[in-house]
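Step one of this worksheet: look at the structure below.
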Amino acid sequence: MRVLVVEDDAKIASFVVRGLKQSGYAVDHAADGETGLALVESTEYDAAIVDVMLPKLDGISLVKRMRAARKPTPVLFLSARSSVDDRIKGLQAGGDDYLTKPFAFSELVARVQALIRRATQSPETTRLVAGDVTLDLVTREVSCAGQSVELQPREFALLGFLLRHAGRPVTKTMILEHVWDYSFDPQTNVVDVVMSRLRAKIDPDHRRIETVRGVGYTFRPLQNV
């Protein structure tokens with residue numbers, strides 16, 4: 001899952017970006033509205049966290065332009081303003097949720113998860129399940145064939161992306177865009193390296209994660225386990 005954070009307060013931005021990365025998200029950051037708009041116009045995001053008061057282009061105007069350009073990315077507004085009128089303005093501009101500063105990071109993550117769930121029409125709130133593999137987005141616990149598996153943050157994020165697309169091929173470029181937080185050379189072997197580590201932990205015999213030559217990978221759930 002790839003998230004855009006548009007926040008000009010360096011301390012808050014660092015806190016949010018670092019926390020999201022530790023939670024397994026790929027994250028891009030923009031410190032002003034114009035940069036944020038340029039990013040959302042050129043990159044596919046699963047969600048955006050947008051401060052209302054931004055330099056160059058305020059958050060309300062940014063989201064209005066997103067919606068005018070038919071960008072469906074779900075948006076969570078951040079603001080120090082807590083009045084009902086301010087929340088209404090944000091929602092009327094095209095925002096999907098509104099969180100007042102200061103906030104608990106756990107609440108921010110829960111709201112982002114809810115936005116992504118609604119946007120993808122996923123019925124599961126906290127767990128991804130494909131065959132005998134289960135990944136809990138809240139506790140960050142992973143099990144395979146009934147056995148607990150310890151994963152590093154990037155391995156966890158990669159597995160989550162594969163499970164969300166179970167049964168469908170995903171390219172290395174798609175993986176880089178949604179699991180890593182900046183653009184790599186598509187020819188890099190970073191995906192292969194982390195995939196190899198993940199396979200060693202949950203799929204040593206390559207029955208679940210299939211290599212699609214010239215394309216990427218497909219997660220094949222094992223049904224009769």
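The way I read the labels, and the way they are meant: chains A, B, ... in the order of the structure tokens, residue 1 as the first residue of every chain, and ligand 1 as the first ligand shown, with later ones counted on from there.
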Could you list, with a cut-off of 8 Å and counting only C-alpha atoms, the residues of range 79-185 of chain A near range 42-66 of chain A, each shown with its nearest atom pair and the distance in Å rounded to one decimal, rows sorted by chain and ascending number, as a Markdown table?
| residue | atom | partner | partner_atom | distance |
| --- | --- | --- | --- | --- |
| A:Ser79 | CA | A:Val52 | CA | 5.5 |
| A:Lys89 | CA | A:Ile60 | CA | 7.9 |
| A:Gly90 | CA | A:Ile60 | CA | 6.3 |
| A:Ala93 | CA | A:Lys64 | CA | 5.4 |
| A:Gly94 | CA | A:Val63 | CA | 6.2 |
| A:Gly95 | CA | A:Val63 | CA | 6.9 |
| A:Val112 | CA | A:Ala47 | CA | 6.9 |
| A:Leu115 | CA | A:Ala47 | CA | 7.2 |
| A:Ile116 | CA | A:Asp46 | CA | 6.3 |
task = Do a neighbour search on Arg18 in chain A at 12 Å with only C-alpha atoms, toss out local chain neighbours closer than 3 positions, and write the hits as a PyMOL selection string.
result = chain A and resi 5+10-15+21-29+105+181
Kindly export the residues of the current selection with C-alpha atoms, as a CSV table (one decimal), in the first residue's frame.
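What ended up in result32.csv:
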chain,number,residue,atom,x,y,z
A,5,VAL,CA,1.6,12.5,3.1
A,10,ALA,CA,8.6,18.9,9.5
A,11,LYS,CA,8.1,17.3,13.0
A,12,ILE,CA,4.6,16.1,12.3
A,13,ALA,CA,5.6,14.9,8.8
A,14,SER,CA,8.6,12.9,10.1
A,15,PHE,CA,6.4,11.4,12.8
A,21,LYS,CA,6.8,3.0,7.1
A,22,GLN,CA,7.2,1.0,10.3
A,23,SER,CA,3.6,-0.2,9.7
A,24,GLY,CA,4.5,-1.5,6.3
A,25,TYR,CA,3.4,1.3,4.0
A,26,ALA,CA,5.3,2.8,1.2
A,27,VAL,CA,5.3,6.5,1.8
A,28,ASP,CA,6.0,9.7,-0.3
A,29,HIS,CA,6.1,13.1,1.4
A,105,PHE,CA,-0.9,7.6,15.5
A,181,ASP,CA,8.7,4.4,-1.0
task = Determine which residues of range 120-210 of chain A DSSP labels as strand (DSSP E) from the backbone of this structure, then write them out as an MDAnalysis selection string.
result = chainID A and resid 127:130 133:136 142:144 147:149 170:171 209:210
Please provide the set of residues having any atom within 10 Å of range 135-140 of chain A, restricted to only C-alpha atoms, with same-chain residues fewer than 5 positions apart removed, written as a CSV table (one decimal) with N, CA and C atoms, in the first residue's frame.
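So around38.csv came out as:
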chain,number,residue,atom,x,y,z
A,23,SER,N,4.8,0.6,9.8
A,23,SER,CA,3.6,-0.2,9.7
A,23,SER,C,3.5,-0.9,8.4
A,24,GLY,N,4.5,-0.8,7.6
A,24,GLY,CA,4.5,-1.5,6.3
A,24,GLY,C,4.0,-0.8,5.1
A,106,SER,N,-2.1,5.7,16.3
A,106,SER,CA,-2.9,4.5,16.1
A,106,SER,C,-4.2,4.8,15.5
A,109,VAL,N,-3.6,5.5,11.7
A,109,VAL,CA,-3.5,4.3,10.9
A,109,VAL,C,-4.8,3.6,10.7
A,110,ALA,N,-5.6,3.6,11.8
A,110,ALA,CA,-7.0,3.0,11.7
A,110,ALA,C,-7.8,3.7,10.7
A,113,GLN,N,-6.6,2.8,7.1
A,113,GLN,CA,-7.0,1.5,6.8
A,113,GLN,C,-8.5,1.4,6.4
A,125,THR,N,-11.5,-6.1,7.7
A,125,THR,CA,-11.0,-4.9,8.3
A,125,THR,C,-9.5,-5.0,8.7
A,126,THR,N,-9.1,-6.1,9.2
A,126,THR,CA,-7.8,-6.2,9.8
A,126,THR,C,-6.9,-7.4,9.3
A,127,ARG,N,-7.5,-8.3,8.6
A,127,ARG,CA,-6.8,-9.5,8.3
A,127,ARG,C,-6.8,-9.8,6.8
A,128,LEU,N,-5.7,-10.3,6.2
A,128,LEU,CA,-5.7,-10.7,4.9
A,128,LEU,C,-5.5,-12.2,4.9
A,129,VAL,N,-6.3,-13.0,4.2
A,129,VAL,CA,-6.2,-14.4,4.2
A,129,VAL,C,-6.2,-15.0,2.8
A,130,ALA,N,-5.3,-15.8,2.5
A,130,ALA,CA,-5.3,-16.5,1.2
A,130,ALA,C,-4.8,-17.9,1.4
A,149,VAL,N,5.0,-17.0,11.7
A,149,VAL,CA,6.2,-16.6,10.9
A,149,VAL,C,6.6,-15.2,11.3
A,150,GLU,N,7.9,-15.0,11.5
A,150,GLU,CA,8.4,-13.7,11.8
A,150,GLU,C,8.9,-13.1,10.5
A,151,LEU,N,8.4,-11.9,10.2
A,151,LEU,CA,8.8,-11.2,9.0
A,151,LEU,C,9.4,-9.8,9.3
A,153,PRO,N,9.9,-5.8,8.3
A,153,PRO,CA,8.9,-4.9,7.8
A,153,PRO,C,8.7,-4.9,6.2
A,156,PHE,N,7.0,-8.1,5.3
A,156,PHE,CA,5.6,-8.0,5.7
A,156,PHE,C,4.8,-7.2,4.7
A,157,ALA,N,5.3,-6.1,4.2
A,157,ALA,CA,4.6,-5.3,3.2
A,157,ALA,C,4.5,-6.0,1.9
A,159,LEU,N,4.4,-9.3,1.4
A,159,LEU,CA,3.4,-10.4,1.5
A,159,LEU,C,2.0,-9.8,1.5
A,160,GLY,N,1.8,-8.6,2.2
A,160,GLY,CA,0.5,-8.0,2.2
A,160,GLY,C,0.1,-7.6,0.8
A,163,LEU,N,-0.9,-10.8,-1.1
A,163,LEU,CA,-2.2,-11.4,-0.6
A,163,LEU,C,-3.4,-10.5,-1.2
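Pairwise distance (CA of Leu176 in chain A, CA of Gly131 in chain A) equals 24.6 Å.
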inquiry  = Rounded to one decimal, what separation in Å do you get between CA of Thr100 in chain A and CA of Val40 in chain A?
reply    = 22.7 Å
inquiry  = Run DSSP on the backbone and tell me which residues of range 29-177 of chain A come out as alpha helix (DSSP H); list them as a PyMOL selection string.
reply    = chain A and resi 33-42+59-68+84-92+105-120+153-164+172-177
Fewer than 4 positions away in the same chain doesn't count, so skip those; otherwise give me all residues within 12 Å of Pro102 in chain A, counting only C-alpha atoms, as an mmCIF file with N, CA and C atoms, in the first residue's frame.
data_model
loop_
_atom_site.group_PDB
_atom_site.id
_atom_site.type_symbol
_atom_site.label_atom_id
_atom_site.label_comp_id
_atom_site.auth_asym_id
_atom_site.auth_seq_id
_atom_site.Cartn_x
_atom_site.Cartn_y
_atom_site.Cartn_z
ATOM 1 N N ILE A 12 5.811 16.911 12.461
ATOM 2 C CA ILE A 12 4.643 16.055 12.262
ATOM 3 C C ILE A 12 4.854 15.136 11.068
ATOM 4 N N PHE A 15 7.140 12.284 11.944
ATOM 5 C CA PHE A 15 6.437 11.356 12.827
ATOM 6 C C PHE A 15 5.494 10.447 12.034
ATOM 7 N N VAL A 16 4.702 11.053 11.143
ATOM 8 C CA VAL A 16 3.723 10.290 10.370
ATOM 9 C C VAL A 16 4.408 9.374 9.362
ATOM 10 N N LEU A 78 -5.799 16.485 7.725
ATOM 11 C CA LEU A 78 -5.271 16.789 9.047
ATOM 12 C C LEU A 78 -5.410 18.280 9.267
ATOM 13 N N SER A 79 -5.839 18.680 10.463
ATOM 14 C CA SER A 79 -5.978 20.106 10.724
ATOM 15 C C SER A 79 -5.985 20.383 12.217
ATOM 16 N N ALA A 80 -5.470 21.565 12.571
ATOM 17 C CA ALA A 80 -5.541 22.018 13.962
ATOM 18 C C ALA A 80 -6.912 22.611 14.253
ATOM 19 N N ARG A 81 -7.684 22.837 13.208
ATOM 20 C CA ARG A 81 -9.019 23.405 13.370
ATOM 21 C C ARG A 81 -10.025 22.290 13.622
ATOM 22 N N SER A 82 -10.804 22.446 14.668
ATOM 23 C CA SER A 82 -11.696 21.355 15.072
ATOM 24 C C SER A 82 -13.181 21.696 14.980
ATOM 25 N N GLU A 107 -4.784 5.974 15.841
ATOM 26 C CA GLU A 107 -6.058 6.379 15.232
ATOM 27 C C GLU A 107 -5.848 6.748 13.775
ATOM 28 N N LEU A 108 -4.752 7.442 13.474
ATOM 29 C CA LEU A 108 -4.472 7.802 12.084
ATOM 30 C C LEU A 108 -4.366 6.556 11.221
#
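Remark: for Thr73 in chain A, the closest of the candidate residues A:Leu39, A:Val193, A:Ala200, A:Ala30 is A:Leu39 (distances computed over only C-alpha atoms).
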inquiry  = Given only C-alpha atoms as the basis, pick out the residue of A:Gln152, A:Thr218, A:Thr188, A:Ser83 nearest to Ala166 in chain A.
reply    = A:Thr218
request  = Between CA of Thr134 in chain A and CA of Val190 in chain A, measure the distance and give it in Å to one decimal.
outcome  =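 Spanning CA of Thr134 in chain A to CA of Val190 in chain A is a straight-line distance of 24.3 Å.
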query = For Met195 in chain A, which of A:Val170, A:Leu222, A:Leu158, A:Val3 is the closest residue, counting only C-alpha atoms?
reply =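 Closest to Met195 in chain A, using only C-alpha atoms: A:Leu158.
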query = Between A:Gly19, A:Pro204, A:Gly146, A:Gly36, which is the closest to Asp132 in chain A once you count only C-alpha atoms?
reply =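 Selected residue with least distance to Asp132 in chain A: A:Gly146.
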query = Between A:Leu91, A:Ala119, A:Val17, A:Leu162, which one has atoms that come closest to Arg220 in chain A, using only C-alpha atoms?
reply =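 The answer is A:Leu162, which sits nearest to Arg220 in chain A.
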message = With only C-alpha atoms as the counted atoms, please give the residues lying no more than 12 Å from Thr211 in chain A, apart from itself and same-chain residues fewer than 4 positions off, as a list of chain:residue names.
response =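 Within the cut-off, the hits are A:Arg168, A:Pro169, A:Val170, A:Thr171, A:Lys172, A:Asp192, A:Met195, A:Ser196, A:Arg199, A:His206, A:Arg207, A:Val215, A:Gly216, A:Tyr217, A:Thr218, A:Phe219, A:Arg220.
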Any chance you could export the current selection's N, CA and C atoms as a PDB file, in the first residue's frame?
ATOM      1  N   ARG A 168      -3.649 -13.173  -8.995  1.00  0.00           N
ATOM      2  CA  ARG A 168      -3.392 -12.293 -10.143  1.00  0.00           C
ATOM      3  C   ARG A 168      -1.903 -11.974 -10.236  1.00  0.00           C
ATOM      4  N   PRO A 169      -1.374 -11.931 -11.435  1.00  0.00           N
ATOM      5  CA  PRO A 169       0.054 -11.602 -11.566  1.00  0.00           C
ATOM      6  C   PRO A 169       0.314 -10.138 -11.238  1.00  0.00           C
ATOM      7  N   VAL A 170       1.413  -9.882 -10.550  1.00  0.00           N
ATOM      8  CA  VAL A 170       1.844  -8.516 -10.266  1.00  0.00           C
ATOM      9  C   VAL A 170       3.258  -8.348 -10.800  1.00  0.00           C
ATOM     10  N   THR A 171       3.507  -7.221 -11.427  1.00  0.00           N
ATOM     11  CA  THR A 171       4.827  -6.981 -12.004  1.00  0.00           C
ATOM     12  C   THR A 171       5.788  -6.455 -10.945  1.00  0.00           C
ATOM     13  N   LYS A 172       7.070  -6.513 -11.243  1.00  0.00           N
ATOM     14  CA  LYS A 172       8.061  -5.967 -10.323  1.00  0.00           C
ATOM     15  C   LYS A 172       7.874  -4.459 -10.181  1.00  0.00           C
ATOM     16  N   ASP A 192      13.686  -9.132  -6.061  1.00  0.00           N
ATOM     17  CA  ASP A 192      14.084 -10.537  -6.040  1.00  0.00           C
ATOM     18  C   ASP A 192      14.723 -10.915  -4.708  1.00  0.00           C
ATOM     19  N   MET A 195      11.975 -11.002  -2.072  1.00  0.00           N
ATOM     20  CA  MET A 195      11.105 -12.122  -2.398  1.00  0.00           C
ATOM     21  C   MET A 195      11.768 -13.441  -2.008  1.00  0.00           C
ATOM     22  N   SER A 196      13.061 -13.534  -2.235  1.00  0.00           N
ATOM     23  CA  SER A 196      13.784 -14.747  -1.867  1.00  0.00           C
ATOM     24  C   SER A 196      13.728 -14.986  -0.363  1.00  0.00           C
ATOM     25  N   ARG A 199      10.129 -16.072   0.515  1.00  0.00           N
ATOM     26  CA  ARG A 199       9.890 -17.463   0.126  1.00  0.00           C
ATOM     27  C   ARG A 199      10.541 -18.443   1.098  1.00  0.00           C
ATOM     28  N   HIS A 206       8.186 -23.234  -3.279  1.00  0.00           N
ATOM     29  CA  HIS A 206       7.632 -22.420  -4.366  1.00  0.00           C
ATOM     30  C   HIS A 206       6.249 -22.906  -4.823  1.00  0.00           C
ATOM     31  N   ARG A 207       5.444 -23.346  -3.893  1.00  0.00           N
ATOM     32  CA  ARG A 207       4.085 -23.783  -4.233  1.00  0.00           C
ATOM     33  C   ARG A 207       3.091 -22.640  -4.157  1.00  0.00           C
ATOM     34  N   VAL A 215       7.174 -11.307 -16.374  1.00  0.00           N
ATOM     35  CA  VAL A 215       6.112 -10.470 -15.805  1.00  0.00           C
ATOM     36  C   VAL A 215       6.427 -10.107 -14.352  1.00  0.00           C
ATOM     37  N   GLY A 216       6.424 -11.096 -13.488  1.00  0.00           N
ATOM     38  CA  GLY A 216       6.642 -10.846 -12.067  1.00  0.00           C
ATOM     39  C   GLY A 216       6.302 -12.065 -11.245  1.00  0.00           C
ATOM     40  N   TYR A 217       5.287 -11.933 -10.395  1.00  0.00           N
ATOM     41  CA  TYR A 217       4.939 -13.019  -9.485  1.00  0.00           C
ATOM     42  C   TYR A 217       3.418 -13.127  -9.331  1.00  0.00           C
ATOM     43  N   THR A 218       2.974 -14.316  -8.938  1.00  0.00           N
ATOM     44  CA  THR A 218       1.574 -14.538  -8.593  1.00  0.00           C
ATOM     45  C   THR A 218       1.517 -15.359  -7.316  1.00  0.00           C
ATOM     46  N   PHE A 219       0.677 -14.922  -6.372  1.00  0.00           N
ATOM     47  CA  PHE A 219       0.471 -15.712  -5.158  1.00  0.00           C
ATOM     48  C   PHE A 219      -0.669 -16.679  -5.422  1.00  0.00           C
ATOM     49  N   ARG A 220      -0.388 -17.981  -5.279  1.00  0.00           N
ATOM     50  CA  ARG A 220      -1.374 -19.034  -5.512  1.00  0.00           C
ATOM     51  C   ARG A 220      -1.761 -19.657  -4.165  1.00  0.00           C
TER      52      ARG A 220
END
